[in-house]
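**Q** So here's coords26.cif, just mmCIF, C-alpha atoms:
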data_my_file
#
loop_
_atom_site.label_atom_id
_atom_site.label_comp_id
_atom_site.auth_asym_id
_atom_site.auth_seq_id
_atom_site.Cartn_x
_atom_site.Cartn_y
_atom_site.Cartn_z
CA MET A 1 -29.05 121.98 29.41
CA PRO A 2 -31.50 121.75 32.36
CA LYS A 3 -29.95 122.63 35.69
CA ALA A 4 -30.91 119.22 37.16
CA TRP A 5 -28.57 117.59 34.62
CA THR A 6 -25.81 119.94 35.69
CA TRP A 7 -26.35 118.71 39.23
CA LEU A 8 -26.30 115.04 38.17
CA ILE A 9 -23.07 115.35 36.19
CA GLY A 10 -21.52 117.32 39.04
CA MET A 11 -22.53 114.63 41.51
CA LEU A 12 -21.00 111.86 39.38
CA LEU A 13 -17.73 113.75 39.03
CA LEU A 14 -17.62 114.53 42.74
CA THR A 15 -18.43 110.96 43.77
CA GLY A 16 -15.63 109.66 41.57
CA SER A 17 -13.07 112.16 42.76
CA PHE A 18 -14.01 111.73 46.43
CA THR A 19 -13.71 107.97 46.13
CA LEU A 20 -10.23 108.31 44.66
CA GLN A 21 -9.21 110.82 47.32
CA ALA A 22 -10.64 108.73 50.17
CA ALA A 23 -7.69 106.32 50.25
CA PRO A 24 -5.18 107.38 52.90
CA LYS A 25 -1.81 108.19 51.39
CA LYS A 26 0.49 107.46 54.30
CA TYR A 27 -1.05 104.14 55.23
CA PRO A 28 -2.48 102.50 52.09
CA GLU A 29 -4.54 100.14 54.24
CA VAL A 30 -5.17 100.49 57.93
CA ASN A 31 -4.60 96.90 58.90
CA GLN A 32 -2.99 95.19 61.87
CA GLU A 33 0.46 95.11 60.31
CA VAL A 34 0.45 98.82 59.55
CA ARG A 35 -0.92 99.65 63.00
CA ALA A 36 1.69 97.45 64.69
CA LYS A 37 4.48 99.35 62.93
CA ALA A 38 2.99 102.69 63.99
CA ALA A 39 2.51 101.43 67.58
CA THR A 40 6.13 100.29 67.79
CA VAL A 41 7.34 103.71 66.68
CA VAL A 42 5.17 105.49 69.29
CA LEU A 43 6.19 103.19 72.15
CA LYS A 44 9.90 103.52 71.34
CA LYS A 45 9.61 107.30 71.16
CA THR A 46 7.47 108.07 74.23
CA GLU A 47 7.73 106.88 77.83
CA GLY A 48 5.04 106.64 80.50
CA ILE A 49 2.16 105.92 78.15
CA ALA A 50 -0.42 103.28 77.38
CA LEU A 51 -1.16 102.74 73.71
CA LEU A 52 -4.54 101.35 72.62
CA TYR A 53 -6.19 100.25 69.42
CA VAL A 54 -9.73 101.67 69.33
CA LYS A 55 -11.73 100.18 66.49
CA GLY A 56 -13.71 102.67 64.42
CA LEU A 57 -11.90 105.75 65.70
CA CYS A 58 -11.46 107.46 62.35
CA CYS A 59 -13.34 110.72 62.96
CA PRO A 60 -11.48 113.19 65.20
CA SER A 61 -14.65 115.18 65.94
CA CYS A 62 -16.79 112.20 66.89
CA ALA A 63 -13.93 110.82 68.99
CA LEU A 64 -13.91 113.78 71.38
CA GLY A 65 -15.92 111.58 73.73
CA VAL A 66 -12.92 109.25 74.02
CA ARG A 67 -10.84 112.09 75.43
CA SER A 68 -13.73 113.24 77.61
CA LYS A 69 -14.26 109.76 79.12
CA LEU A 70 -10.62 108.66 79.47
CA SER A 71 -9.24 111.91 80.86
CA LYS A 72 -11.43 111.42 83.96
CA LEU A 73 -9.61 108.21 84.94
CA LYS A 74 -7.36 108.64 87.97
CA PHE A 75 -4.18 107.18 86.43
CA VAL A 76 -4.19 109.67 83.51
CA ASP A 77 -1.62 112.50 83.57
CA LYS A 78 -3.72 115.39 82.25
CA LYS A 79 -0.69 117.69 82.02
CA ARG A 80 0.66 115.85 78.98
CA PHE A 81 -0.87 115.81 75.50
CA LYS A 82 -4.39 117.26 75.41
CA LYS A 83 -5.93 116.41 78.79
CA GLY A 84 -3.63 113.36 78.89
CA ILE A 85 -4.99 111.81 75.70
CA ASP A 86 -3.65 111.82 72.16
CA MET A 87 -5.64 110.32 69.30
CA ASP A 88 -4.54 109.31 65.82
CA ALA A 89 -7.61 108.86 63.63
CA GLU A 90 -5.47 107.56 60.78
CA THR A 91 -4.21 104.46 62.65
CA GLN A 92 -7.00 104.39 65.30
CA LEU A 93 -4.34 104.44 68.03
CA VAL A 94 -5.04 106.26 71.30
CA THR A 95 -2.20 107.26 73.59
CA ILE A 96 -2.88 107.71 77.31
CA ALA A 97 -0.30 109.65 79.33
CA LEU A 98 0.18 107.84 82.63
CA LYS A 99 1.04 109.33 85.99
CA GLU A 100 4.38 108.21 87.40
CA ASP A 101 4.45 104.52 88.44
CA GLN A 102 0.85 104.03 87.33
CA SER A 103 -0.58 101.59 84.81
CA ILE A 104 -3.96 101.40 83.10
CA ASP A 105 -6.98 99.61 84.48
CA PRO A 106 -8.15 97.73 81.36
CA ALA A 107 -11.76 97.37 82.55
CA GLN A 108 -12.09 101.13 83.23
CA VAL A 109 -10.49 102.03 79.90
CA GLU A 110 -12.73 99.60 78.04
CA LYS A 111 -15.86 101.02 79.69
CA GLY A 112 -14.81 104.60 78.93
CA ILE A 113 -14.27 103.79 75.26
CA ASP A 114 -17.53 101.86 75.09
CA ASP A 115 -19.40 104.85 76.62
CA ALA A 116 -17.70 107.07 74.03
CA GLY A 117 -19.20 104.96 71.25
CA TYR A 118 -16.20 102.88 70.15
CA VAL A 119 -14.68 99.45 70.73
CA ALA A 120 -11.45 98.94 72.70
CA ILE A 121 -9.65 96.02 71.08
CA GLU A 122 -6.18 95.77 72.65
CA TRP A 123 -3.33 97.72 74.19
CA TYR A 124 0.35 97.39 73.42
CA THR A 125 3.63 97.08 75.28
CA LEU A 126 7.17 96.62 74.09
CA GLU A 127 9.08 93.60 75.34
CA GLY A 128 12.59 94.31 74.16
CA ALA A 129 12.05 95.26 70.57
CA THR A 130 8.94 93.10 70.21
CA LEU A 131 5.45 94.54 70.27
CA LYS A 132 3.05 92.62 72.48
CA ALA A 133 -0.74 93.01 72.20
CA HIS A 134 -2.99 92.58 75.25
CA PRO A 135 -6.68 92.17 74.44
CA PHE A 136 -9.21 94.09 76.53
CA PRO A 137 -11.48 91.91 78.73
CA LYS A 138 -14.44 91.80 76.32
CA GLN A 139 -12.15 90.80 73.43
CA LYS A 140 -10.74 87.76 75.21
CA PRO A 141 -12.01 84.47 73.81
CA MET B 1 -20.36 115.71 62.09
CA ASN B 2 -23.82 114.20 62.52
CA MET B 3 -22.47 111.49 64.81
CA MET B 4 -21.57 114.02 67.47
CA PRO B 5 -22.01 113.77 70.42
CA ARG B 6 -22.02 109.99 70.22
CA TRP B 7 -20.80 109.56 73.80
CA SER B 8 -23.22 108.83 76.62
CA GLY B 9 -24.03 111.93 78.64
CA GLY B 10 -22.84 114.20 75.80
CA TRP B 11 -24.78 117.31 74.92
CA GLY B 12 -24.47 120.28 72.63
CA VAL B 13 -26.02 123.52 71.48
CA GLN B 14 -25.87 125.19 68.10
CA THR B 15 -26.99 128.45 66.55
CA ILE B 16 -27.50 128.75 62.82
CA MET B 17 -27.92 131.97 60.89
CA GLU B 18 -29.83 131.32 57.67
CA HIS B 19 -30.18 133.77 54.80
CA ARG B 20 -32.41 132.70 51.92
CA THR B 21 -33.37 134.52 48.77
CA GLU B 22 -35.78 133.45 46.02
CA ARG B 23 -35.85 135.33 42.75
CA ASP B 24 -39.17 134.47 41.10
CA LEU B 25 -42.75 133.51 41.77
CA LEU B 26 -43.40 130.06 40.30
CA LEU B 27 -46.46 128.05 39.41
CA GLY B 28 -45.68 124.52 38.31
CA GLY B 29 -42.38 124.57 36.46
CA GLU B 30 -43.04 127.99 34.94
CA VAL B 31 -42.13 131.43 36.18
CA ALA B 32 -45.49 133.08 36.90
CA ASN B 33 -44.05 136.44 37.98
CA LYS B 34 -40.42 137.10 37.17
CA GLY B 35 -38.56 139.26 39.68
CA PHE B 36 -41.15 138.81 42.43
CA GLY B 37 -38.64 137.91 45.12
CA GLU B 38 -38.50 136.73 48.68
CA GLU B 39 -35.84 137.30 51.33
CA VAL B 40 -35.78 135.39 54.60
CA ASN B 41 -33.44 135.63 57.59
CA VAL B 42 -33.86 133.00 60.28
CA LEU B 43 -31.92 132.28 63.46
CA HIS B 44 -32.09 128.61 64.44
CA LEU B 45 -31.43 127.46 67.99
CA GLU B 46 -30.72 123.76 68.36
CA GLY B 47 -29.88 121.43 71.22
CA VAL B 48 -28.96 117.75 71.52
CA TYR B 49 -28.55 115.40 74.44
CA THR B 50 -27.19 111.82 74.16
CA TRP B 51 -27.94 109.84 77.27
CA ARG B 52 -26.98 106.49 75.81
CA ARG B 53 -25.04 106.35 72.59
CA ALA B 54 -27.99 104.70 70.80
CA VAL B 55 -30.55 107.23 72.02
CA ARG B 56 -30.52 111.00 71.78
CA LEU B 57 -33.01 113.84 71.93
CA THR B 58 -32.86 116.91 69.71
CA ALA B 59 -34.81 120.17 69.77
CA LYS B 60 -34.80 122.79 67.01
CA LEU B 61 -36.44 126.17 67.33
CA PRO B 62 -36.29 128.72 64.49
CA TYR B 63 -36.81 132.45 64.98
CA VAL B 64 -37.67 134.47 61.88
CA LEU B 65 -35.66 137.68 62.21
CA ASN B 66 -37.34 139.12 59.15
CA ALA B 67 -38.99 137.75 56.07
CA ARG B 68 -40.25 139.73 53.13
CA ARG B 69 -41.88 138.60 49.93
CA GLU B 70 -43.32 140.28 46.85
CA MET B 71 -46.73 139.10 45.62
CA PRO B 72 -49.02 140.34 42.81
CA ASP B 73 -51.45 142.97 44.11
CA GLY B 74 -54.12 142.11 41.53
CA SER B 75 -53.63 145.30 39.51
CA GLY B 76 -50.28 144.55 37.90
CA GLY B 77 -48.12 145.79 40.77
CA LYS B 78 -46.29 144.32 43.73
CA MET B 79 -47.59 143.83 47.24
CA ILE B 80 -45.09 143.39 50.10
CA GLN B 81 -45.83 140.86 52.84
CA ARG B 82 -43.78 140.22 55.98
CA ASP B 83 -43.26 137.59 58.67
CA GLN B 84 -41.37 137.78 61.94
CA GLY B 85 -41.13 135.86 65.21
CA LEU B 86 -40.97 132.29 66.44
CA GLY B 87 -41.25 129.36 64.06
CA ASP B 88 -42.41 125.84 64.87
CA LEU B 89 -40.49 123.70 67.34
CA THR B 90 -39.18 120.34 66.09
CA LEU B 91 -38.47 117.58 68.62
CA ALA B 92 -36.83 114.35 67.53
CA LEU B 93 -35.69 111.12 69.13
CA PRO B 94 -32.95 109.69 66.89
CA LEU B 95 -32.31 106.02 67.62
CA LYS B 96 -28.93 104.95 66.28
CA LYS B 97 -27.24 101.67 65.62
CA TYR B 98 -23.51 102.31 65.41
CA PHE B 99 -20.93 100.11 63.79
CA ASN B 100 -17.17 100.25 64.24
CA LEU B 101 -14.89 98.63 61.67
CA ASP B 102 -11.18 98.85 61.07
CA GLY B 103 -10.82 102.31 59.54
CA ARG B 104 -14.53 102.95 59.19
CA SER B 105 -17.31 103.95 61.57
CA GLY B 106 -20.93 104.81 61.00
CA SER B 107 -24.52 104.43 62.00
CA TRP B 108 -28.05 103.62 60.92
CA SER B 109 -30.68 106.00 62.28
CA PHE B 110 -34.40 105.76 62.86
CA LYS B 111 -35.80 109.14 63.87
CA PRO B 112 -39.36 109.80 65.04
CA MET B 113 -40.12 113.54 65.00
CA LEU B 114 -42.79 115.89 66.30
CA ARG B 115 -43.57 119.41 65.07
CA VAL B 116 -45.07 121.73 67.69
CA PRO B 117 -46.83 124.82 66.31
CA LEU B 118 -45.41 127.98 67.85
CA ALA B 119 -45.45 130.28 64.84
CA GLY B 120 -47.98 133.05 65.14
CA GLU B 121 -50.17 134.64 62.51
CA ASP B 122 -48.48 137.10 60.18
CA GLU B 123 -49.09 138.53 56.72
CA TYR B 124 -47.65 135.27 55.45
CA GLN B 125 -46.10 132.24 57.11
CA ILE B 126 -42.58 130.90 56.75
CA TYR B 127 -43.51 128.10 59.15
CA ASP B 128 -46.77 126.18 58.94
CA ASP B 129 -48.04 126.74 62.51
CA ALA B 130 -49.43 123.19 62.53
CA TRP B 131 -48.91 119.99 64.53
CA GLY B 132 -46.95 117.44 62.56
CA THR B 133 -45.41 114.02 62.93
CA GLY B 134 -42.41 112.87 60.99
CA LEU B 135 -40.12 109.94 60.49
CA GLY B 136 -36.51 109.94 59.30
CA LEU B 137 -34.23 107.13 58.17
CA SER B 138 -30.56 107.54 57.42
CA TYR B 139 -27.24 105.81 56.96
CA GLU B 140 -23.84 107.40 57.32
CA PHE B 141 -20.22 106.42 57.62
CA GLU B 142 -16.81 107.98 57.85
CA THR B 143 -13.33 106.85 57.06
CA TYR B 144 -10.22 108.85 57.90
CA ARG B 145 -10.66 110.79 54.66
CA MET B 146 -14.26 110.43 53.57
CA PHE B 147 -17.73 111.21 54.87
CA PHE B 148 -20.92 109.78 53.38
CA PHE B 149 -24.54 110.39 54.36
CA VAL B 150 -27.81 109.36 52.78
CA GLY B 151 -31.17 109.91 54.41
CA THR B 152 -34.84 110.51 53.87
CA SER B 153 -37.62 111.90 56.02
CA GLY B 154 -41.35 112.54 55.74
CA TRP B 155 -43.84 114.80 57.52
CA LEU B 156 -47.61 114.55 57.96
CA TYR B 157 -49.53 117.50 59.36
CA ARG B 158 -52.83 117.62 61.24
CA GLU B 159 -54.07 120.70 59.44
CA ASP B 160 -54.77 120.89 55.73
CA LYS B 161 -51.10 120.88 54.80
CA PRO B 162 -49.47 118.71 52.13
CA PHE B 163 -47.25 115.75 52.97
CA GLU B 164 -43.59 116.78 52.84
CA SER B 165 -40.49 114.72 52.30
CA GLN B 166 -36.80 115.42 52.00
CA SER B 167 -34.05 113.13 50.76
CA SER B 168 -30.38 114.00 51.18
CA LEU B 169 -27.07 112.81 49.85
CA ASP B 170 -23.87 114.30 51.31
CA LEU B 171 -20.28 113.56 50.41
CA GLY B 172 -17.33 114.95 52.31
CA TYR B 173 -13.54 115.05 52.15
CA LYS B 174 -11.95 115.31 55.60
CA PHE B 175 -8.69 116.91 56.60
CA GLU B 176 -6.57 117.68 59.65
CA ALA B 177 -4.54 120.87 60.03
CA LYS B 178 -2.78 122.61 62.89
CA GLY B 179 -4.39 120.60 65.67
CA SER B 180 -7.89 120.99 64.30
CA ASN B 181 -9.87 119.10 61.72
CA GLY B 182 -12.61 119.72 59.23
CA ALA B 183 -14.34 118.63 56.07
CA ILE B 184 -15.30 120.01 52.69
CA LEU B 185 -18.65 118.66 51.63
CA TRP B 186 -21.01 118.61 48.70
CA GLU B 187 -24.59 118.29 49.89
CA SER B 188 -27.76 117.65 47.89
CA ASP B 189 -31.38 117.73 49.05
CA PHE B 190 -34.52 116.81 47.17
CA GLN B 191 -37.71 118.21 48.70
CA TYR B 192 -41.12 117.03 47.65
CA LYS B 193 -44.67 117.99 48.67
CA ASP B 194 -47.74 116.11 47.50
CA ASP B 195 -49.23 119.33 46.14
CA GLY B 196 -46.78 118.86 43.25
CA SER B 197 -43.91 121.00 44.60
CA GLU B 198 -40.38 119.71 44.17
CA THR B 199 -37.01 121.33 44.68
CA LEU B 200 -33.54 119.98 44.10
CA LEU B 201 -30.99 122.07 45.91
CA ALA B 202 -27.29 121.41 46.29
CA GLY B 203 -24.05 123.11 47.10
CA PRO B 204 -20.80 123.12 49.03
CA ALA B 205 -20.36 123.16 52.79
CA PHE B 206 -17.33 123.65 55.00
CA TYR B 207 -17.12 122.16 58.47
CA TRP B 208 -14.42 123.08 60.94
CA ASN B 209 -13.81 121.58 64.36
CA LEU B 210 -11.85 124.42 65.97
CA ASN B 211 -11.16 122.59 69.22
CA ASP B 212 -12.77 119.98 71.48
CA LEU B 213 -15.67 122.33 72.22
CA THR B 214 -16.31 124.56 69.26
CA HIS B 215 -17.47 123.67 65.79
CA MET B 216 -18.33 125.88 62.82
CA ARG B 217 -20.10 125.22 59.57
CA LEU B 218 -20.74 127.28 56.47
CA GLU B 219 -22.98 126.12 53.65
CA TRP B 220 -24.46 127.40 50.43
CA LYS B 221 -27.22 125.66 48.54
CA HIS B 222 -28.55 126.62 45.13
CA ASP B 223 -31.91 125.59 43.62
CA PHE B 224 -30.94 123.44 40.64
CA HIS B 225 -34.53 122.46 39.93
CA ASP B 226 -37.65 124.14 41.29
CA ARG B 227 -41.33 123.46 40.73
CA GLN B 228 -44.16 124.82 42.86
CA GLY B 229 -47.51 123.02 43.08
CA VAL B 230 -49.16 126.24 44.23
CA LEU B 231 -48.09 129.83 43.51
CA ASP B 232 -44.89 130.23 45.56
CA HIS B 233 -41.37 131.57 45.35
CA GLY B 234 -38.42 129.66 43.92
CA ASN B 235 -35.15 129.80 41.96
CA GLY B 236 -33.02 130.91 44.86
CA ASP B 237 -30.04 130.36 47.09
CA ALA B 238 -29.66 129.63 50.79
CA PHE B 239 -26.68 130.37 53.01
CA LYS B 240 -26.16 129.07 56.53
CA LEU B 241 -23.48 129.92 59.05
CA SER B 242 -23.51 127.93 62.25
CA ILE B 243 -21.48 127.68 65.40
CA GLY B 244 -21.94 124.94 67.97
CA TRP B 245 -20.50 123.68 71.22
CA VAL B 246 -20.38 120.12 72.54
CA PHE B 247 -19.71 118.97 76.08
#
Could you quickly redo this structure as structure tokens?
**A**
Amino acid sequence: MPKAWTWLIGMLLLTGSFTLQAAPKKYPEVNQEVRAKAATVVLKKTEGIALLYVKGLCCPSCALGVRSKLSKLKFVDKKRFKKGIDMDAETQLVTIALKEDQSIDPAQVEKGIDDAGYVAIEWYTLEGATLKAHPFPKQKP
Amino acid sequence: MNMMPRWSGGWGVQTIMEHRTERDLLLGGEVANKGFGEEVNVLHLEGVYTWRRAVRLTAKLPYVLNARREMPDGSGGKMIQRDQGLGDLTLALPLKKYFNLDGRSGSWSFKPMLRVPLAGEDEYQIYDDAWGTGLGLSYEFETYRMFFFVGTSGWLYREDKPFESQSSLDLGYKFEAKGSNGAILWESDFQYKDDGSETLLAGPAFYWNLNDLTHMRLEWKHDFHDRQGVLDHGNGDAFKLSIGWVF
């Protein structure tokens, strides 16, 4: 059999197997409901953080710019996590460690994420046991 | 991956060690001289700067550490020819349109390119030593688990060199482990010259993002189909080991 056919059959098998493997196991679909559950768990578990949904952040390597841009902001506690930023490419959630008694500046965070090549959608807080989403300025209607 | 650095003001450098061997001398689809081989070792130096996420500049400069090929000497024997030194510089201005979806991110790229002749005269030439202009188009996306790339590019040269094109299809499975991440890929390239040469080469690659700064890549490509429009070497394998840093 010509070697080019070997390549073609190999490609078809690989494409099929990669497509099957591409579906995340832990979160069958990364949708708002799944993300909200994950965000609630993180906010209950960790204090002194801001938790953001960054649309498109599904490649840990490409997202290094998010850490690079956000860690320069003055309210970020760089001693926690990795330079103050933790990223979950599976749920597209970014955790910012905040300095004591500090809160995020949404406009600065949104600009940093935009410069990094992604879209900041909203950040979350817990009010009692209820998760509340706060849209970033450019996402407001 | 290819989308790095996608942040404004990001830059990076990369060195690639390439080892390529060809087993036979081909003419058309036939082996003209079996066992007349070629061995090439090239060090590639590459740099990238992204000043806005949609616009970046890349520079690639190869240095031929040593290249050796066997050619017919006209009396039934073998003649050894060698090449060494700088190759041709390639400058490119990739213009990218990114998209960010829920669980998926990618880009469309339009890439004008310029080839600057820096390769000197040797017994034979790995690089063409000719001015050239090229254009590349590509589409790529990633999910949390999957990487996909498809692209094509073409080169026209000022000297009497054939038009060259390359089309690529890459598939990757991504993983995270112990604070780092990486991907296992299967990459395929089809190279065509309008002198009738065509090569289909494919093989596995392994990418590893060691930390925020350092990235490594290992790839092996095998010639699955080789045809030379003029007498040239083929039926070989190429290995590349690269290490890069982004800031």
**Q** Please produce, as a Markdown table, a per-residue contact table for stretch 90-181 of chain B versus stretch 56-61 of chain A (criterion: any atom at most 8 Å away, only C-alpha atoms considered), showing the nearest atom pair and its distance in Å to one decimal, sorted by chain then residue number.
**A**
| residue | atom | partner | partner_atom | distance |
| --- | --- | --- | --- | --- |
| B:Phe99 | CA | A:Gly56 | CA | 7.7 |
| B:Asn100 | CA | A:Gly56 | CA | 4.2 |
| B:Leu101 | CA | A:Gly56 | CA | 5.0 |
| B:Asp102 | CA | A:Gly56 | CA | 5.7 |
| B:Gly103 | CA | A:Gly56 | CA | 5.7 |
| B:Arg104 | CA | A:Gly56 | CA | 5.3 |
| B:Ser105 | CA | A:Gly56 | CA | 4.8 |
| B:Glu142 | CA | A:Cys59 | CA | 6.8 |
| B:Thr143 | CA | A:Cys58 | CA | 5.6 |
| B:Tyr144 | CA | A:Cys58 | CA | 4.8 |
| B:Asn181 | CA | A:Pro60 | CA | 7.0 |
**Q** Name all residues at most 10 Å from stretch 79-89 of chain A (count all atoms listed in the file; drop same-chain ones fewer than 6 positions away) and give them as a PDB file with C-alpha atoms, in the coordinates of the input.
**A**
ATOM      1  CA  ILE A  49       2.160 105.920  78.150  1.00  0.00           C
ATOM      2  CA  ALA A  50      -0.420 103.280  77.380  1.00  0.00           C
ATOM      3  CA  LEU A  51      -1.160 102.740  73.710  1.00  0.00           C
ATOM      4  CA  LEU A  52      -4.540 101.350  72.620  1.00  0.00           C
ATOM      5  CA  TYR A  53      -6.190 100.250  69.420  1.00  0.00           C
ATOM      6  CA  VAL A  54      -9.730 101.670  69.330  1.00  0.00           C
ATOM      7  CA  GLY A  56     -13.710 102.670  64.420  1.00  0.00           C
ATOM      8  CA  LEU A  57     -11.900 105.750  65.700  1.00  0.00           C
ATOM      9  CA  CYS A  58     -11.460 107.460  62.350  1.00  0.00           C
ATOM     10  CA  CYS A  59     -13.340 110.720  62.960  1.00  0.00           C
ATOM     11  CA  PRO A  60     -11.480 113.190  65.200  1.00  0.00           C
ATOM     12  CA  SER A  61     -14.650 115.180  65.940  1.00  0.00           C
ATOM     13  CA  ALA A  63     -13.930 110.820  68.990  1.00  0.00           C
ATOM     14  CA  LEU A  64     -13.910 113.780  71.380  1.00  0.00           C
ATOM     15  CA  VAL A  66     -12.920 109.250  74.020  1.00  0.00           C
ATOM     16  CA  ARG A  67     -10.840 112.090  75.430  1.00  0.00           C
ATOM     17  CA  SER A  68     -13.730 113.240  77.610  1.00  0.00           C
ATOM     18  CA  LEU A  70     -10.620 108.660  79.470  1.00  0.00           C
ATOM     19  CA  SER A  71      -9.240 111.910  80.860  1.00  0.00           C
ATOM     20  CA  LYS A  72     -11.430 111.420  83.960  1.00  0.00           C
ATOM     21  CA  LEU A  73      -9.610 108.210  84.940  1.00  0.00           C
ATOM     22  CA  THR A  95      -2.200 107.260  73.590  1.00  0.00           C
ATOM     23  CA  ILE A  96      -2.880 107.710  77.310  1.00  0.00           C
ATOM     24  CA  ALA A  97      -0.300 109.650  79.330  1.00  0.00           C
ATOM     25  CA  LEU A  98       0.180 107.840  82.630  1.00  0.00           C
ATOM     26  CA  LYS A  99       1.040 109.330  85.990  1.00  0.00           C
TER      27      LYS A  99
ATOM     28  CA  GLY B 103     -10.820 102.310  59.540  1.00  0.00           C
ATOM     29  CA  THR B 143     -13.330 106.850  57.060  1.00  0.00           C
ATOM     30  CA  TYR B 144     -10.220 108.850  57.900  1.00  0.00           C
ATOM     31  CA  ARG B 145     -10.660 110.790  54.660  1.00  0.00           C
ATOM     32  CA  GLU B 176      -6.570 117.680  59.650  1.00  0.00           C
ATOM     33  CA  ASP B 212     -12.770 119.980  71.480  1.00  0.00           C
TER      34      ASP B 212
END
**Q** Find the residues in chain B near chain A: any atom within 9 Å counts, using only C-alpha atoms. Write them as a PyMOL selection string.
**A** chain B and resi 1-10+52-54+98-106+142-147+171-174+176+180-182+186+188+200-202+209+211-213+215+223-225+247
**Q** Please determine an axis-aligned box that encloses all atoms of stretch 209-222 of chain B listed in the file, with 3 Å added on each side, and express its centre and edge lengths in Å to one decimal as lines of an AutoDock Vina configuration file.
**A**
center_x = -19.9
center_y = 123.7
center_z = 58.7
size_x = 23.4
size_y = 13.4
size_z = 33.1
**Q** Convert the output of the PyMOL selection byres ((chain B and resi 68) around 6) on the shown file into explicit residues, formatted as a PDB file with C-alpha atoms, keeping the file's coordinate frame.
**A**
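The resulting file, result.pdb, is reproduced below:
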ATOM      1  CA  GLU B  38     -38.500 136.730  48.680  1.00  0.00           C
ATOM      2  CA  GLU B  39     -35.840 137.300  51.330  1.00  0.00           C
ATOM      3  CA  ALA B  67     -38.990 137.750  56.070  1.00  0.00           C
ATOM      4  CA  ARG B  69     -41.880 138.600  49.930  1.00  0.00           C
ATOM      5  CA  GLN B  81     -45.830 140.860  52.840  1.00  0.00           C
ATOM      6  CA  ARG B  82     -43.780 140.220  55.980  1.00  0.00           C
TER       7      ARG B  82
END
**Q** Please, could all heavy atoms be added to stretch 129-133 of chain B and the result written as an mmCIF file, in the coordinates of the input?
**A**
data_model
loop_
_atom_site.group_PDB
_atom_site.id
_atom_site.type_symbol
_atom_site.label_atom_id
_atom_site.label_comp_id
_atom_site.auth_asym_id
_atom_site.auth_seq_id
_atom_site.Cartn_x
_atom_site.Cartn_y
_atom_site.Cartn_z
ATOM 1 N N ASP B 129 -47.192 126.554 61.333
ATOM 2 C CA ASP B 129 -48.040 126.740 62.510
ATOM 3 C C ASP B 129 -49.055 125.585 62.631
ATOM 4 O O ASP B 129 -50.248 125.801 62.835
ATOM 5 C CB ASP B 129 -48.768 128.089 62.444
ATOM 6 C CG ASP B 129 -49.284 128.503 63.812
ATOM 7 O OD1 ASP B 129 -48.718 128.048 64.820
ATOM 8 O OD2 ASP B 129 -50.264 129.265 63.872
ATOM 9 N N ALA B 130 -48.545 124.360 62.490
ATOM 10 C CA ALA B 130 -49.430 123.190 62.530
ATOM 11 C C ALA B 130 -48.700 122.030 63.229
ATOM 12 O O ALA B 130 -47.479 121.906 63.130
ATOM 13 C CB ALA B 130 -49.815 122.766 61.117
ATOM 14 N N TRP B 131 -49.482 121.203 63.946
ATOM 15 C CA TRP B 131 -48.910 119.990 64.530
ATOM 16 C C TRP B 131 -48.506 119.060 63.398
ATOM 17 O O TRP B 131 -49.226 118.909 62.409
ATOM 18 C CB TRP B 131 -49.938 119.276 65.406
ATOM 19 C CG TRP B 131 -50.145 119.939 66.734
ATOM 20 C CD1 TRP B 131 -51.136 120.825 67.050
ATOM 21 C CD2 TRP B 131 -49.365 119.776 67.908
ATOM 22 N NE1 TRP B 131 -51.013 121.227 68.357
ATOM 23 C CE2 TRP B 131 -49.932 120.590 68.917
ATOM 24 C CE3 TRP B 131 -48.233 119.026 68.219
ATOM 25 C CZ2 TRP B 131 -49.398 120.672 70.206
ATOM 26 C CZ3 TRP B 131 -47.704 119.100 69.502
ATOM 27 C CH2 TRP B 131 -48.286 119.920 70.476
ATOM 28 N N GLY B 132 -47.378 118.382 63.577
ATOM 29 C CA GLY B 132 -46.950 117.440 62.560
ATOM 30 C C GLY B 132 -46.171 116.290 63.177
ATOM 31 O O GLY B 132 -45.576 116.423 64.254
ATOM 32 N N THR B 133 -46.225 115.151 62.510
ATOM 33 C CA THR B 133 -45.410 114.020 62.930
ATOM 34 C C THR B 133 -44.547 113.590 61.754
ATOM 35 O O THR B 133 -45.007 113.589 60.606
ATOM 36 C CB THR B 133 -46.273 112.826 63.392
ATOM 37 O OG1 THR B 133 -47.266 112.569 62.399
ATOM 38 C CG2 THR B 133 -46.943 113.108 64.714
#
